[in-house]
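For reference, the structure is listed below as structure tokens.
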Amino acid sequence: MASPNHSLQSKDLITTGIFSTLFFIVTMVSGMFFAANPVLTFLMPIVVALFTGPVYLLMVAKVPKRGPTIILGIIMGLLMFVTGMFWLWSVAYVLLGIIAGEISAAGKFKSVKLNTLGFTIFSLNPITAYMMIWIDQQSFKEYLMSKGTQQAYLDSMFQAAQDWILPGMIAGTIVAALIGAFIGNKLLKKHFERAGVV
Amino acid sequence: MESILVARERSRQGLLRLDPRTKLSILFTSNIMVLLSPGLPYEILMAALILLLGLLCGVYRYSIKMTIVYFFLVAGQILGTLYFDDVLRVFLVTFVVFLRKIFPCAMLGGILIATTRVNEFMAAMHKLRMPRSIVIPLAVTLRYFPGVIEEWRHIRDSMNLRGLSTSFWGFLKSPIKTAEYVYVPMLFSAAKIADELSAAAVTRGIDNPKIRTCVQQLGFTAADGLCAGCFMVLLMSALWN
């Protein structure tokens with residue numbers, strides 16, 4: 001085991017668990033409405049990135065260590081897999097969680113800029129699932145069909161998926177994540193640091 | 001979600017008591033069943049099996065409520081397919097089908113969470129040799145779900161008392177303000193609960209490096225085999241087709 005400051009204590013694990021719940025619920029509440037519609041579904045990553053910012057940043061501020069983002073990624077990936085999402089998405093959650101943790105670690109978890117960058121990259125996780133529409137439409141379609149997605153849904157989704165949508169979605173998600181992180185950082189400064197919660 | 005809390009108190013009255021590992025395997029099997037499902041009748045059969053399991057485990061109100069919702073989803077899908085035109089069908093029926101697909105697993109998940117106490121879950125995970133840094137956050141995550149819903153109700157009440165709108169329209173009118181009013185108390189209470197819960201957990205010896213013990217004897221019984229067997233048979237019948 002490393003020095004106690006770097007390894008995860010029970011308290012850190014519990015805090016991570018609580019914030020993962022919040023993160024999942026915020027993702028579901030903000031994303032569900034969009035994800036269920038074949039055209040609006042492309043807005044889903046953007047909306048989710050916008051709303052999860054404060055939760056993510058407070059978690060990193062509460063537990064300034066490498067683990068939490070990875071655990072968040074694993075739990076989100078598990079829950080997404082159980083609710084029947086594309087498996088690559090779950091993998092992306094874990095991988096981006098690791099990357100985001102490393103980025104934040106570079107600033108010793110105190111750097112607002114690096115934490116924001118980490119969150120922005122973490123927010124790109126749904127893109128990996130959508131990317132399949134452009135990379136390998138046929139096998140993605142077969143996978144979703146076997147998962148029980150309706151033919152009509154897929155048809156209108158693939159119809160709406162113009163070439164410009166993928167870069168648009170990535171750009172939109174990055175901008176939304178930056179705004180979400182900006183609001184999150186402001187909230188942290190205005191309320192949490194002053195109250196001594198962080 | 002409130003019903004989960006109610007169900008939790010009554011959980012010991014059920015006829016069946018399953019090992020948490022059996023529950024996990026059932027959940028996993030069900031997920032594969034949804035993946036392999038040959039059609040609607042199969043999934044209704046699956047939902048019926050889950051309802052039976054819920055009733056046997058003593059989760060009455062929640063199971064029946066969820067079954068009624070499931071019934072309406074199925075009815076909505078069938079009627080919608082028959083009577084809606086193409087545009088409506090894409091937007092509404094796909095939404096209903098989307099919900100209906102994940103519904104049996106969600107229902108099963110609710111039943112399993114309601115009948116599993118955290119110590120049992122932890123002990124089972126420990127027996128499966130899962131690492132601590134995954135088990136503890138996962139247990140907390142599952143346990144805290146009803147808490148978030150309750151917290152949201154309190155926030156909504158106090159916002160309404162102060163004359164702040166919590167409706168969708170009110171959110172559109174002043175999104176940043178409304179988000180702040182919801183987020184700040186939500187995050188504050190989450191941070192506070194995290195501190196209190198860890199204090200309680202440490203007091204109860206979560207950091208004890210010795211091998212974990214559990215008052216509840218965990219072990220597979222005939223009931224475990226029977227339940228897992230039923231779900232397995234249903235899964236096999238999907239493969240057979």
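Chain identifiers are assigned as A, B, and so on, following the order in which chains appear in the structure tokens; residues are numbered from 1 within each chain, and ligands are numbered from 1 in order of appearance.
For chain B, the residues within 6 Å of chain A are Leu35, Val90, Phe95, Pro137, Val140, Thr141, Ala194 and Ser198 of chain B, with only C-alpha atoms used to measure distance.
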- [ ] Pick out the residues sitting within 12 Å of Leu112 in chain B, and hand them over as an MDAnalysis selection string; count only C-alpha atoms, and ignore anything fewer than 5 positions along from it in its own chain.
- [x] chainID B and resid 4 7:8 11 16:27 50:51 53:59 62:63 105:107 117:118 120:121 142:143
- [ ] Between B:Leu40, B:Ala124, B:Ile113, B:Val93, single out the one closest to Tyr144 in chain B, counting only C-alpha atoms.
- [x] B:Ile113
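CA of Met66 in chain B is positioned 9.6 Å from CA of Gly110 in chain B.
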Open item on the list: Please compute the CA of Ala139 in chain B-CA of Ile211 in chain B distance, one decimal, in Å.
Closed with: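 It comes out at 18.2 Å.
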Task: Nearest to Asn119 in chain B, chosen from B:Leu197, B:Leu226, B:Met236, B:Ile136, with only C-alpha atoms counted in the distances - done: B:Ile136
TODO: Pick out each residue of range 29-171 of chain A that DSSP on the backbone tags as helix (DSSP H, G or I); I need them as a PyMOL selection string.
DONE: chain A and resi 29-35+40-62+67-82+87-106+112-123+125-135+137-146+151-160+165-171
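The smallest atom-to-atom distance between Leu88 in chain A and any of A:Phe182, A:Tyr130, A:Phe23, A:Phe158, using only C-alpha atoms, is found for A:Tyr130.
Atom pair CA of Met46 in chain B / CA of Val97 in chain B: separated by 15.6 Å.
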